[in-house]
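One structure is given below, encoded as structure tokens.
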Amino acid sequence: MNKFSRIGFILAAAGSAVGLGNIWKFPYITGEFGGGAFVLVYLLCILLIGLSVFIAESFIGQYAESNVSSAFVKTSSKKNPLWKYAGFMVFSGLIILAFYSVVLGWILHYVVSSFSSLPSEASIAGASFAALTKDINTQIFYHTLISVTVIYIVLKGIKEGIEKVNLILMPLLALILFGLLLYALSLDSFSKAMGFMFVPDFSKINADALLAALGQAFFTLSLGIGTILTYSAALPKGSNFIKSSLYVAIIDTSIALISGLIIFTFLFEAGAPSAAGPGLVFISLPVIFSSWGILGQVIAISFFMALVFAGITSAVSMIEPALMFFIERFKMTRRSATVLCGAIFYILGIIALLSMSDEYGSLLSFSGKNAFDWMDFITSSVMMPLAAILTCVFLGYFVDKKLLQTSFEKHTSVLVFNIWYMLVKYLVPLAITILLINKLGLIS
Ligand code: PFF
């Protein structure tokens, strides 16, 4: 099998983790839940729950060195063939990629339009964002561009495609964010942003905030669709998967925090509200950039480019588990598996974007949700949590503990292993089950 180098793995897994989730979603939910206390809960979710599942997926991948479906069978203590059904999770990646590509298309459109002009008022910005989400032709154009780029990269394989792209885009992303952070540091509102993000006010925390933090911890670390498992299958034998997991979690968390600091500094500087929801990046920020003249335009272009780079490295990681599955299970060539998976997510993306339009909206909506929202709901509220629960229950109850112990103790202490094992066996499945029940609306 085509393998990563160790540093290539860390970059690619960090590239997968760092995406729209960090730069777009984390700041807006932090804003909605009032800042510091939410950030603290989020950090705990990453450390106790996200990191445990990340290490779990990474262990299975590195041990079995195969696609998700056969990796579960190979790792299970009795090689039980029923575990092959755990492979269902690879399809989540294709569904997420469908709407993620549409959103990345919007951002690419923002890069292009930032060259000519930026909206000067929130009402204009809001109207043009709403118009974009209903404009079929523009969205198809950008969704196609993003899809072709993703397909082109994955066609080249792990080493020549995914590793190389991460090697270029991740440093570029870091450079842009560093530049934006320096600029934010020079503004008066930076200290206010620090206070907002790091001084907790626990009166703002409720059950919704806890669940949002937990869901975000999963999404941002790319868990529950087999990406980390599949990437880890391409780790060189004997690599320290625990250390790599820790590095990826640290990089991912730092980028989310830095993005938050940059965005809140900009918002406070302009006196704009911090709880603007999903429109924060698409509506509030462009108006602020516009008030800064030419400098604002340069910042807008850099910011949206950073989002595109972060998103592309995540997008390629969403398709890889399904590719590996089709290649190994059905003996397909990489080319035909890519064409098949590419066609699936591209068509689903078209359905998602049509479902937001006035023309096809009612045709493509069911039970009060359009197809775009359904794809988001089914993956992040059902399939991903289910896959994460399954992974933990699998390791806690259906894999030989001795095997885990020997694999872990090569790289870490007995104490760390015991803590991880307890978390994976008891706390994590319980926490995610509560999340799942809540998302399904079974309790409120
Ligand atoms: N972690 C990515 C983000 O924060 O944007 C999203 C993601 C990538 C989710 C890959 C799932 C995945 F497999």
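Residue numbers start at 1 in each chain; chains themselves are named A, B, ... in the order of the structure tokens; ligands are numbered from 1 in the order shown.
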Practice task
Write out as number ranges by chain each polymer residue whose atoms come within 9 Å of stretch 361-373 of chain A, counting only C-alpha atoms; drop sequence neighbours fewer than 5 positions from it.
Solution key: A: 98-99, 348-349, 351-356, 378
Exercise for the section: Residues within 7 Å of ligand 1 should be enumerated using only C-alpha atoms and all ligand atoms and returned as a ChimeraX atom specification. Expected result: /A:16-22,93,219-223,225-227,311,314-315,317-318
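Comparing A:Phe330, A:Phe325, A:Phe4, A:Tyr346 by their smallest distance to A:Phe88, the closest is A:Phe325 (using only C-alpha atoms).
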Handout entry: Spatial neighbours of stretch 401-405 of chain A, max dist 12 Å, only C-alpha atoms, sep filter under 2 positions, as a ChimeraX atom specification
Key = /A:55-56,59-60,63,75-77,394-399,407-422,425
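Atom CA of A:Ile23 is found 17.1 Å from atom CA of A:Gly36.
Minimum atom-to-atom distances from A:Lys74, A:Arg6, A:Arg329, A:Lys156 to A:Val316 were compared using only C-alpha atoms, and the lowest value belongs to A:Lys156.
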Problem - Contact residues around stretch 33-35 of chain A with only C-alpha atoms at 12 Å, ignoring same-chain residues under 3 positions, as a ChimeraX atom specification - result: /A:26-30,38-42,192-213,257,260-261,264,273-277
Residues near A:Met324, cut-off 9 Å, only C-alpha atoms, skip fewer than 5 positions along chain, as a PDB file with all heavy atoms, in the first residue's frame:
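And here's part19.pdb as it stands now:
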```
ATOM      1  N   SER A  66      -5.803  -1.666   6.726  1.00  0.00           N
ATOM      2  CA  SER A  66      -6.733  -1.895   5.621  1.00  0.00           C
ATOM      3  C   SER A  66      -7.921  -0.943   5.730  1.00  0.00           C
ATOM      4  O   SER A  66      -7.970  -0.111   6.623  1.00  0.00           O
ATOM      5  CB  SER A  66      -7.214  -3.342   5.612  1.00  0.00           C
ATOM      6  OG  SER A  66      -7.828  -3.631   6.834  1.00  0.00           O
ATOM      7  N   ASN A  67      -8.866  -1.090   4.801  1.00  0.00           N
ATOM      8  CA  ASN A  67     -10.037  -0.212   4.790  1.00  0.00           C
ATOM      9  C   ASN A  67     -10.884  -0.443   6.052  1.00  0.00           C
ATOM     10  O   ASN A  67     -10.724  -1.453   6.745  1.00  0.00           O
ATOM     11  CB  ASN A  67     -10.849  -0.467   3.522  1.00  0.00           C
ATOM     12  CG  ASN A  67     -11.507  -1.823   3.568  1.00  0.00           C
ATOM     13  OD1 ASN A  67     -12.564  -2.001   4.156  1.00  0.00           O
ATOM     14  ND2 ASN A  67     -10.861  -2.814   2.974  1.00  0.00           N
ATOM     15  N   VAL A  68     -11.799   0.481   6.321  1.00  0.00           N
ATOM     16  CA  VAL A  68     -12.558   0.453   7.575  1.00  0.00           C
ATOM     17  C   VAL A  68     -13.234  -0.892   7.803  1.00  0.00           C
ATOM     18  O   VAL A  68     -13.120  -1.495   8.882  1.00  0.00           O
ATOM     19  CB  VAL A  68     -13.641   1.570   7.574  1.00  0.00           C
ATOM     20  CG1 VAL A  68     -14.486   1.489   8.832  1.00  0.00           C
ATOM     21  CG2 VAL A  68     -13.003   2.943   7.457  1.00  0.00           C
ATOM     22  N   THR A 230      -8.472   5.362   8.157  1.00  0.00           N
ATOM     23  CA  THR A 230      -7.920   5.105   6.822  1.00  0.00           C
ATOM     24  C   THR A 230      -6.547   5.753   6.651  1.00  0.00           C
ATOM     25  O   THR A 230      -5.631   5.146   6.097  1.00  0.00           O
ATOM     26  CB  THR A 230      -8.895   5.635   5.744  1.00  0.00           C
ATOM     27  OG1 THR A 230     -10.168   5.039   5.979  1.00  0.00           O
ATOM     28  CG2 THR A 230      -8.427   5.302   4.347  1.00  0.00           C
ATOM     29  N   ILE A 319     -13.223  11.703   1.195  1.00  0.00           N
ATOM     30  CA  ILE A 319     -13.491  10.721   0.139  1.00  0.00           C
ATOM     31  C   ILE A 319     -12.596   9.478   0.294  1.00  0.00           C
ATOM     32  O   ILE A 319     -12.955   8.380  -0.125  1.00  0.00           O
ATOM     33  CB  ILE A 319     -13.327  11.398  -1.264  1.00  0.00           C
ATOM     34  CG1 ILE A 319     -13.840  10.507  -2.377  1.00  0.00           C
ATOM     35  CG2 ILE A 319     -11.920  11.806  -1.542  1.00  0.00           C
ATOM     36  CD1 ILE A 319     -13.872  11.194  -3.749  1.00  0.00           C
ATOM     37  N   ARG A 329     -12.300  -3.822  -1.316  1.00  0.00           N
ATOM     38  CA  ARG A 329     -13.423  -4.755  -1.224  1.00  0.00           C
ATOM     39  C   ARG A 329     -13.847  -5.263  -2.597  1.00  0.00           C
ATOM     40  O   ARG A 329     -14.146  -6.428  -2.775  1.00  0.00           O
ATOM     41  CB  ARG A 329     -14.581  -4.034  -0.516  1.00  0.00           C
ATOM     42  CG  ARG A 329     -15.870  -4.771  -0.392  1.00  0.00           C
ATOM     43  CD  ARG A 329     -15.817  -5.750   0.787  1.00  0.00           C
ATOM     44  NE  ARG A 329     -17.090  -6.415   1.002  1.00  0.00           N
ATOM     45  CZ  ARG A 329     -17.583  -7.354   0.219  1.00  0.00           C
ATOM     46  NH1 ARG A 329     -16.902  -7.751  -0.833  1.00  0.00           N
ATOM     47  NH2 ARG A 329     -18.757  -7.904   0.476  1.00  0.00           N
ATOM     48  N   ARG A 334      -7.827   2.528  -8.505  1.00  0.00           N
ATOM     49  CA  ARG A 334      -8.035   3.807  -7.831  1.00  0.00           C
ATOM     50  C   ARG A 334      -8.831   4.745  -8.741  1.00  0.00           C
ATOM     51  O   ARG A 334      -9.692   5.486  -8.295  1.00  0.00           O
ATOM     52  CB  ARG A 334      -6.682   4.435  -7.460  1.00  0.00           C
ATOM     53  CG  ARG A 334      -6.843   5.610  -6.548  1.00  0.00           C
ATOM     54  CD  ARG A 334      -5.559   6.048  -5.911  1.00  0.00           C
ATOM     55  NE  ARG A 334      -5.848   7.167  -5.053  1.00  0.00           N
ATOM     56  CZ  ARG A 334      -6.121   7.099  -3.750  1.00  0.00           C
ATOM     57  NH1 ARG A 334      -6.104   5.960  -3.129  1.00  0.00           N
ATOM     58  NH2 ARG A 334      -6.402   8.170  -3.054  1.00  0.00           N
ATOM     59  N   ALA A 337     -12.574   3.712  -8.747  1.00  0.00           N
ATOM     60  CA  ALA A 337     -13.189   4.019  -7.448  1.00  0.00           C
ATOM     61  C   ALA A 337     -13.378   5.529  -7.317  1.00  0.00           C
ATOM     62  O   ALA A 337     -14.399   5.999  -6.808  1.00  0.00           O
ATOM     63  CB  ALA A 337     -12.313   3.494  -6.316  1.00  0.00           C
TER      64      ALA A 337
END
```
